[in-house]
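Colleague: This one is final_9.cif, mmCIF, C-alpha atoms and all ligand atoms.
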data_run
loop_
_atom_site.label_atom_id
_atom_site.label_comp_id
_atom_site.auth_asym_id
_atom_site.auth_seq_id
_atom_site.Cartn_x
_atom_site.Cartn_y
_atom_site.Cartn_z
CA MET A 1 76.72 43.83 17.48
CA SER A 2 73.92 41.35 18.06
CA GLU A 3 70.34 41.98 16.92
CA ARG A 4 69.19 40.54 20.24
CA GLN A 5 69.75 43.92 21.88
CA TRP A 6 67.06 45.53 19.70
CA GLU A 7 63.54 45.05 20.96
CA ASN A 8 61.66 46.38 17.94
CA VAL A 9 63.68 44.59 15.26
CA VAL A 10 62.49 41.43 13.51
CA VAL A 11 65.18 39.58 11.53
CA MET A 12 63.44 37.31 9.02
CA ASP A 13 65.65 34.27 8.78
CA HIS A 14 63.18 32.01 6.94
CA PRO A 15 65.05 29.64 4.56
CA LEU A 16 63.20 30.91 1.45
CA ILE A 17 64.15 34.46 2.32
CA GLN A 18 67.79 33.62 2.94
CA HIS A 19 67.97 31.66 -0.34
CA LYS A 20 66.54 34.52 -2.40
CA LEU A 21 68.76 37.05 -0.62
CA SER A 22 71.87 35.05 -1.54
CA ILE A 23 70.97 35.20 -5.25
CA MET A 24 70.32 38.94 -4.98
CA ARG A 25 73.66 39.60 -3.34
CA ASP A 26 75.56 37.86 -6.17
CA ALA A 27 77.17 40.52 -8.37
CA LYS A 28 76.48 38.27 -11.39
CA THR A 29 72.67 38.48 -10.92
CA GLY A 30 71.22 40.74 -13.62
CA ALA A 31 68.62 43.50 -13.30
CA LYS A 32 65.63 41.37 -14.39
CA GLU A 33 66.22 38.66 -11.79
CA PHE A 34 67.22 41.24 -9.18
CA ARG A 35 63.89 43.07 -9.66
CA GLU A 36 61.92 39.83 -9.39
CA LEU A 37 63.71 38.90 -6.17
CA VAL A 38 63.14 42.32 -4.58
CA LYS A 39 59.44 41.98 -5.37
CA GLU A 40 59.21 38.43 -3.96
CA LEU A 41 61.12 39.34 -0.81
CA ALA A 42 58.93 42.39 -0.24
CA MET A 43 55.86 40.16 -0.44
CA LEU A 44 57.31 37.72 2.09
CA MET A 45 58.23 40.60 4.39
CA ALA A 46 54.72 42.06 4.19
CA TYR A 47 53.34 38.69 5.23
CA GLU A 48 55.30 38.92 8.49
CA ALA A 49 54.82 42.66 9.02
CA THR A 50 51.02 42.30 8.89
CA ARG A 51 50.88 39.46 11.42
CA GLY A 52 49.39 41.77 14.08
CA PHE A 53 46.44 42.97 11.97
CA GLN A 54 43.08 42.74 13.73
CA LEU A 55 40.44 40.29 12.55
CA ALA A 56 36.65 40.56 12.71
CA GLU A 57 34.19 37.70 12.89
CA THR A 58 31.97 36.96 9.93
CA THR A 59 29.65 34.21 8.83
CA VAL A 60 30.25 32.15 5.69
CA THR A 61 28.15 29.40 4.19
CA THR A 62 30.42 26.77 2.69
CA PRO A 63 29.01 24.06 0.37
CA VAL A 64 28.70 21.96 3.54
CA ALA A 65 27.62 24.21 6.42
CA GLU A 66 27.36 27.71 7.81
CA THR A 67 30.39 28.68 9.87
CA THR A 68 31.88 31.56 11.81
CA THR A 69 35.16 32.67 10.30
CA TYR A 70 37.43 35.74 10.21
CA VAL A 71 38.26 38.60 7.85
CA LEU A 72 40.56 41.62 8.18
CA ALA A 73 38.89 44.28 10.33
CA GLY A 74 39.01 47.05 7.75
CA LYS A 75 42.67 47.87 8.32
CA LYS A 76 43.87 50.87 6.30
CA VAL A 77 47.45 50.56 5.07
CA ALA A 78 49.86 52.94 3.34
CA VAL A 79 52.97 51.67 1.58
CA ILE A 80 55.63 54.38 1.43
CA PRO A 81 58.62 53.64 -0.82
CA ILE A 82 61.72 55.78 -0.35
CA LEU A 83 62.68 56.69 -3.93
CA ARG A 84 64.20 55.27 -5.93
CA ALA A 85 65.09 51.83 -4.68
CA GLY A 86 62.00 51.48 -2.48
CA LEU A 87 59.88 51.40 -5.64
CA GLY A 88 61.09 47.88 -6.30
CA MET A 89 59.29 46.64 -3.18
CA VAL A 90 55.87 48.20 -3.81
CA ASP A 91 54.29 45.75 -6.26
CA GLY A 92 55.05 42.69 -4.13
CA ILE A 93 53.26 44.26 -1.18
CA LEU A 94 50.30 45.44 -3.26
CA GLU A 95 49.76 41.88 -4.46
CA LEU A 96 49.12 40.91 -0.83
CA ILE A 97 47.33 44.13 0.21
CA PRO A 98 45.67 45.48 -2.94
CA ALA A 99 43.63 48.09 -1.05
CA ALA A 100 46.74 49.79 0.35
CA LYS A 101 47.44 53.35 -0.77
CA VAL A 102 50.92 54.30 -1.91
CA GLY A 103 52.76 57.48 -0.89
CA HIS A 104 56.19 58.46 -2.19
CA ILE A 105 59.10 60.10 -0.41
CA GLY A 106 62.02 61.15 -2.61
CA LEU A 107 65.34 61.11 -0.77
CA TYR A 108 68.86 60.57 -2.00
CA ARG A 109 72.08 60.33 -0.03
CA ASP A 110 74.56 63.09 -0.68
CA PRO A 111 77.64 61.07 -1.72
CA GLU A 112 79.98 63.39 0.23
CA THR A 113 78.11 63.91 3.50
CA LEU A 114 75.93 60.72 3.31
CA MET A 115 73.09 62.95 4.58
CA PRO A 116 69.60 62.47 3.07
CA VAL A 117 68.39 65.17 0.67
CA GLU A 118 64.63 65.41 0.09
CA TYR A 119 63.33 66.06 -3.42
CA TYR A 120 59.75 64.74 -3.54
CA CYS A 121 56.80 63.91 -1.32
CA LYS A 122 53.24 62.86 -2.08
CA LEU A 123 51.27 61.07 0.63
CA PRO A 124 47.69 59.79 1.00
CA GLU A 125 45.57 62.53 2.62
CA ASP A 126 44.49 60.28 5.49
CA ILE A 127 48.04 59.22 6.36
CA GLY A 128 47.33 59.63 10.09
CA GLU A 129 44.66 56.91 9.96
CA ARG A 130 46.79 54.31 8.20
CA ASP A 131 49.24 51.64 9.29
CA ILE A 132 52.42 52.56 7.46
CA LEU A 133 54.95 50.30 5.78
CA ILE A 134 58.01 52.34 4.76
CA VAL A 135 59.94 50.27 2.21
CA ASP A 136 63.57 50.60 1.15
CA PRO A 137 65.89 47.70 0.29
CA MET A 138 68.89 49.17 2.15
CA LEU A 139 69.28 50.53 5.70
CA ALA A 140 72.87 51.80 5.75
CA THR A 141 73.62 54.82 7.99
CA GLY A 142 69.89 55.03 8.75
CA GLY A 143 69.80 58.68 7.67
CA SER A 144 67.24 58.18 4.89
CA ALA A 145 64.95 55.98 6.97
CA SER A 146 65.09 58.30 10.00
CA ALA A 147 64.33 61.31 7.80
CA ALA A 148 61.38 59.46 6.22
CA VAL A 149 59.99 58.53 9.65
CA GLN A 150 60.32 62.12 10.90
CA PHE A 151 58.71 63.39 7.71
CA LEU A 152 55.73 61.09 8.20
CA ARG A 153 55.41 61.88 11.91
CA ASP A 154 55.33 65.62 11.08
CA ARG A 155 52.32 64.87 8.87
CA GLY A 156 50.44 62.96 11.54
CA ALA A 157 51.53 59.36 10.95
CA ARG A 158 51.28 57.12 14.03
CA GLU A 159 51.81 53.40 13.40
CA ILE A 160 55.06 53.08 11.41
CA ASN A 161 56.88 49.93 10.27
CA LEU A 162 60.12 49.97 8.31
CA LEU A 163 60.84 47.11 5.88
CA CYS A 164 64.45 46.85 4.63
CA LEU A 165 65.96 43.83 2.91
CA ILE A 166 69.50 44.34 4.20
CA SER A 167 70.58 46.42 7.19
CA ALA A 168 73.83 47.56 8.71
CA PRO A 169 74.03 47.49 12.51
CA GLU A 170 74.85 51.21 12.40
CA GLY A 171 71.62 51.95 10.52
CA ILE A 172 69.44 49.91 12.83
CA GLN A 173 70.95 51.62 15.86
CA ALA A 174 70.41 55.06 14.32
CA VAL A 175 66.72 54.36 13.61
CA VAL A 176 66.18 52.75 17.02
CA ASP A 177 67.72 55.84 18.69
CA ALA A 178 65.95 58.47 16.57
CA CYS A 179 62.57 56.84 15.98
CA LYS A 180 61.06 55.32 19.07
CA ASP A 181 58.15 52.92 18.45
CA VAL A 182 59.10 52.14 14.84
CA ARG A 183 59.19 48.39 14.22
CA ILE A 184 61.96 47.33 11.84
CA TYR A 185 61.69 44.22 9.66
CA THR A 186 64.84 43.10 7.87
CA CYS A 187 66.06 39.94 6.13
CA ALA A 188 69.68 40.35 7.23
CA VAL A 189 71.88 42.36 9.56
CA ASP A 190 75.24 42.59 7.80
CA SER A 191 78.71 43.23 9.21
CA HIS A 192 79.34 46.98 8.92
CA LEU A 193 79.51 50.02 6.62
CA ASN A 194 82.58 50.73 4.50
CA ASP A 195 84.21 54.16 4.14
CA HIS A 196 81.70 55.12 1.43
CA GLY A 197 78.69 54.24 3.57
CA TYR A 198 77.99 50.99 1.68
CA ILE A 199 76.82 47.92 3.54
CA VAL A 200 79.43 45.13 3.76
CA PRO A 201 78.89 42.57 2.30
CA GLY A 202 75.52 44.04 1.21
CA LEU A 203 74.57 43.87 -2.45
CA GLY A 204 76.02 47.10 -3.83
CA ASP A 205 73.81 50.00 -4.91
CA ALA A 206 70.22 48.74 -4.81
CA GLY A 207 68.84 51.55 -7.01
CA ASP A 208 71.45 51.02 -9.71
CA ARG A 209 70.95 47.25 -9.69
CA LEU A 210 67.16 47.60 -9.90
CA PHE A 211 67.12 50.15 -12.68
CA GLY A 212 70.34 49.24 -14.52
CA THR A 213 71.83 52.70 -14.12
CA LYS A 214 75.41 51.48 -13.64
C1 LIG A 301 69.97 54.17 -0.96
C2 LIG A 301 68.94 53.25 -0.35
C3 LIG A 301 68.44 54.05 0.83
C4 LIG A 301 69.70 54.77 1.27
C5 LIG A 301 70.25 54.06 2.46
O1 LIG A 301 69.36 55.14 -1.71
O2 LIG A 301 67.94 52.87 -1.25
O3 LIG A 301 67.42 54.97 0.52
O4 LIG A 301 70.63 54.70 0.18
O5 LIG A 301 71.33 54.77 2.96
P1 LIG A 301 71.30 55.47 4.38
O6 LIG A 301 70.71 54.47 5.34
O7 LIG A 301 72.76 55.74 4.64
O8 LIG A 301 70.50 56.71 4.28
P2 LIG A 301 70.21 56.20 -2.57
O9 LIG A 301 70.49 57.43 -1.78
O10 LIG A 301 71.41 55.50 -3.16
O11 LIG A 301 69.20 56.64 -3.69
P3 LIG A 301 68.52 55.78 -4.87
O12 LIG A 301 67.53 54.86 -4.21
O13 LIG A 301 67.87 56.82 -5.69
O14 LIG A 301 69.60 55.03 -5.59
N1 LIG A 302 72.57 52.33 -0.49
C1 LIG A 302 72.70 51.23 -1.26
O1 LIG A 302 72.03 51.11 -2.30
N2 LIG A 302 73.55 50.27 -0.87
C2 LIG A 302 74.30 50.37 0.24
O2 LIG A 302 75.07 49.45 0.55
C3 LIG A 302 74.16 51.53 1.04
C4 LIG A 302 73.28 52.49 0.65
#
Rewrite the structure of this file - the entire thing - as structure tokens.

Modeller:
Amino acid sequence: MSERQWENVVVMDHPLIQHKLSIMRDAKTGAKEFRELVKELAMLMAYEATRGFQLAETTVTTPVAETTTYVLAGKKVAVIPILRAGLGMVDGILELIPAAKVGHIGLYRDPETLMPVEYYCKLPEDIGERDILIVDPMLATGGSASAAVQFLRDRGAREINLLCLISAPEGIQAVVDACKDVRIYTCAVDSHLNDHGYIVPGLGDAGDRLFGTK
């Protein structure tokens, strides 16, 4: 399946991103380095995902002359990690967008059915006025991401972007089908899902690798 058939999907093939992703995938990479890489990749992804932000003109006096220049036009952003693994991407994005608010959606995949189960939600009150960056390292079946998008839409969210480090074609297709108008940013589209719903080759269980739980 080629990513070219998806209009709203941006595959970030920058050399720095691909290099860092290769180290993350390596089963020998430990939790400390893995966490650092997730944070760095999230920051690089936010750089691309905010490319469309509006600018407003301002005037600045440099040591040499007065000039017309540009600043962000008061864009309000919400970063929404899907717990747990999405937490690893928050700090990298906040370093670029410190004024962003952070909402949390707790979902885990039932290991038998692979269906998302919700266990927590706390969102900024003005979620409907914010540009949203849902963050989760893995887009596998797409169940968790689609549930998070629906959850946010039910609470008034409009402009939704989904940032996932590694995606399976099946997951992208599921989100594209279920969530019209959501723009997906990913660093890689892998081969397929295995019988346990893990991305192949992927990087294993992102939550366990981030938090050292296995
Ligand atoms: C992982 C991952 C996504 C989900 C992706 O979370 O972080 O949220 O699986 O799978 P899907 O696309 O098939 O829904 P997991 O359920 O393992 O929970 P965790 O983050 O708490 O480890
Ligand atoms: N969740 C993960 O953490 N990894 C996968 O490969 C699939 C779902």

Colleague: If you measure from CA of Leu193 in chain A to CA of Cys164 in chain A, what distance in Å do you get, rounded to one decimal?

Modeller: 15.5 Å

Colleague: Point out the residue among A:Lys75, A:Lys32, A:Arg84, A:Arg130 with the least atom-to-atom distance to Gln54 in chain A, counting all atoms listed in the file.

Modeller: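 For Gln54 in chain A, the nearest of the given residues is A:Lys75.
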
Colleague: Could you tell me how far CA of Val102 in chain A sits from CA of Thr141 in chain A, in Å to one decimal place?

Modeller: 24.8 Å

Colleague: Could you check how far CA of Val117 in chain A sits from CA of His196 in chain A, in Å to one decimal?

Modeller: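 If I compute the distance from CA of Val117 in chain A to CA of His196 in chain A, I get 16.7 Å.
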
Colleague: List as a list of chain:residue names the protein and nucleic acid residues lying within 6 Å of ligand LIG 302 (chain A), with all atoms listed in the file counted.

Modeller: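 Every residue with an atom at most 6 Å from ligand LIG 302 (chain A) is listed here: A:Met138, A:Ala140, A:Gly197, A:Tyr198, A:Ile199, A:Gly202, A:Gly204, A:Asp205, A:Ala206, A:Gly207.
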
Colleague: Rank nothing, just name the residue among A:Val200, A:Met115, A:Ala27, A:Ile93 nearest to ligand LIG 301 (chain A), using all atoms listed in the file.

Modeller: A:Met115

Colleague: Here is a test: counting only C-alpha atoms, which residue of A:Ala73, A:Val9, A:Ile82, A:Leu21 is nearest to Val38 in chain A?

Modeller: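 Counting only C-alpha atoms, the residue closest to Val38 in chain A is A:Leu21.
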
Colleague: Would you tabulate, counting only C-alpha atoms and all ligand atoms, all residues of chain A that have an atom at most 10 Å from an atom of ligand LIG 301 (chain A), showing the closest pair of atoms and their distance in Å to one decimal, sorted by chain then ascending number, as CSV?

Modeller:
residue,atom,partner,partner_atom,distance
A:Pro81,CA,A:LIG301,O3,9.0
A:Ile82,CA,A:LIG301,O3,5.8
A:Leu83,CA,A:LIG301,O12,5.2
A:Arg84,CA,A:LIG301,O12,3.8
A:Ala85,CA,A:LIG301,O12,3.9
A:Gly86,CA,A:LIG301,O2,6.2
A:Leu87,CA,A:LIG301,O12,8.5
A:Gly88,CA,A:LIG301,O12,9.7
A:Ile105,CA,A:LIG301,O3,9.8
A:Gly106,CA,A:LIG301,O13,7.9
A:Leu107,CA,A:LIG301,O9,6.4
A:Tyr108,CA,A:LIG301,O9,3.5
A:Arg109,CA,A:LIG301,O9,3.7
A:Asp110,CA,A:LIG301,O9,7.1
A:Pro111,CA,A:LIG301,O9,8.0
A:Thr113,CA,A:LIG301,O7,9.8
A:Leu114,CA,A:LIG301,O7,6.1
A:Met115,CA,A:LIG301,O8,6.8
A:Pro116,CA,A:LIG301,O8,6.0
A:Val117,CA,A:LIG301,O9,8.4
A:Val135,CA,A:LIG301,O3,9.0
A:Asp136,CA,A:LIG301,O2,5.5
A:Pro137,CA,A:LIG301,O2,5.8
A:Met138,CA,A:LIG301,C2,4.8
A:Leu139,CA,A:LIG301,O6,4.2
A:Ala140,CA,A:LIG301,O6,3.5
A:Thr141,CA,A:LIG301,O7,3.6
A:Gly142,CA,A:LIG301,O6,3.6
A:Gly143,CA,A:LIG301,O8,4.0
A:Ser144,CA,A:LIG301,O8,3.6
A:Ala145,CA,A:LIG301,O6,6.2
A:Ser146,CA,A:LIG301,O8,8.0
A:Ala147,CA,A:LIG301,O8,8.5
A:Ala148,CA,A:LIG301,O3,9.4
A:Cys164,CA,A:LIG301,C3,9.1
A:Ile166,CA,A:LIG301,C5,9.9
A:Ser167,CA,A:LIG301,O6,8.3
A:Ala168,CA,A:LIG301,O6,8.3
A:Glu170,CA,A:LIG301,O6,8.8
A:Gly171,CA,A:LIG301,O6,5.8
A:Ile172,CA,A:LIG301,O6,8.9
A:Ala174,CA,A:LIG301,O6,9.0
A:Val175,CA,A:LIG301,O6,9.2
A:Leu193,CA,A:LIG301,O7,9.1
A:His196,CA,A:LIG301,O7,9.5
A:Gly197,CA,A:LIG301,O7,6.2
A:Tyr198,CA,A:LIG301,O7,7.7
A:Ile199,CA,A:LIG301,O5,8.8
A:Gly204,CA,A:LIG301,O10,9.6
A:Asp205,CA,A:LIG301,O10,6.3
A:Ala206,CA,A:LIG301,O2,5.9
A:Gly207,CA,A:LIG301,O14,3.8
A:Asp208,CA,A:LIG301,O14,6.0
A:Arg209,CA,A:LIG301,O14,8.9
A:Leu210,CA,A:LIG301,O14,8.9
A:Phe211,CA,A:LIG301,O14,9.0
A:Thr213,CA,A:LIG301,O14,9.1

Colleague: I need the residue nearest Leu162 in chain A from this list: A:Met45, A:Thr59, A:Met24, A:Lys122. Use only C-alpha atoms for the distance.

Modeller: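 For Leu162 in chain A, the nearest of the candidates is A:Met45.
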
Colleague: From the options A:Ala31, A:Ala178, A:Cys121, A:Leu163, which residue's atoms come nearest to Val90 in chain A, counting only C-alpha atoms?

Modeller: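 Selected residue with least distance to Val90 in chain A: A:Leu163.
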
Colleague: If we count only C-alpha atoms and set the cut-off at 8 Å, which residues sit around Leu96 in chain A, ignoring sequence neighbours fewer than 3 positions away in its own chain? Please answer as a count of residues only.

Modeller: 5
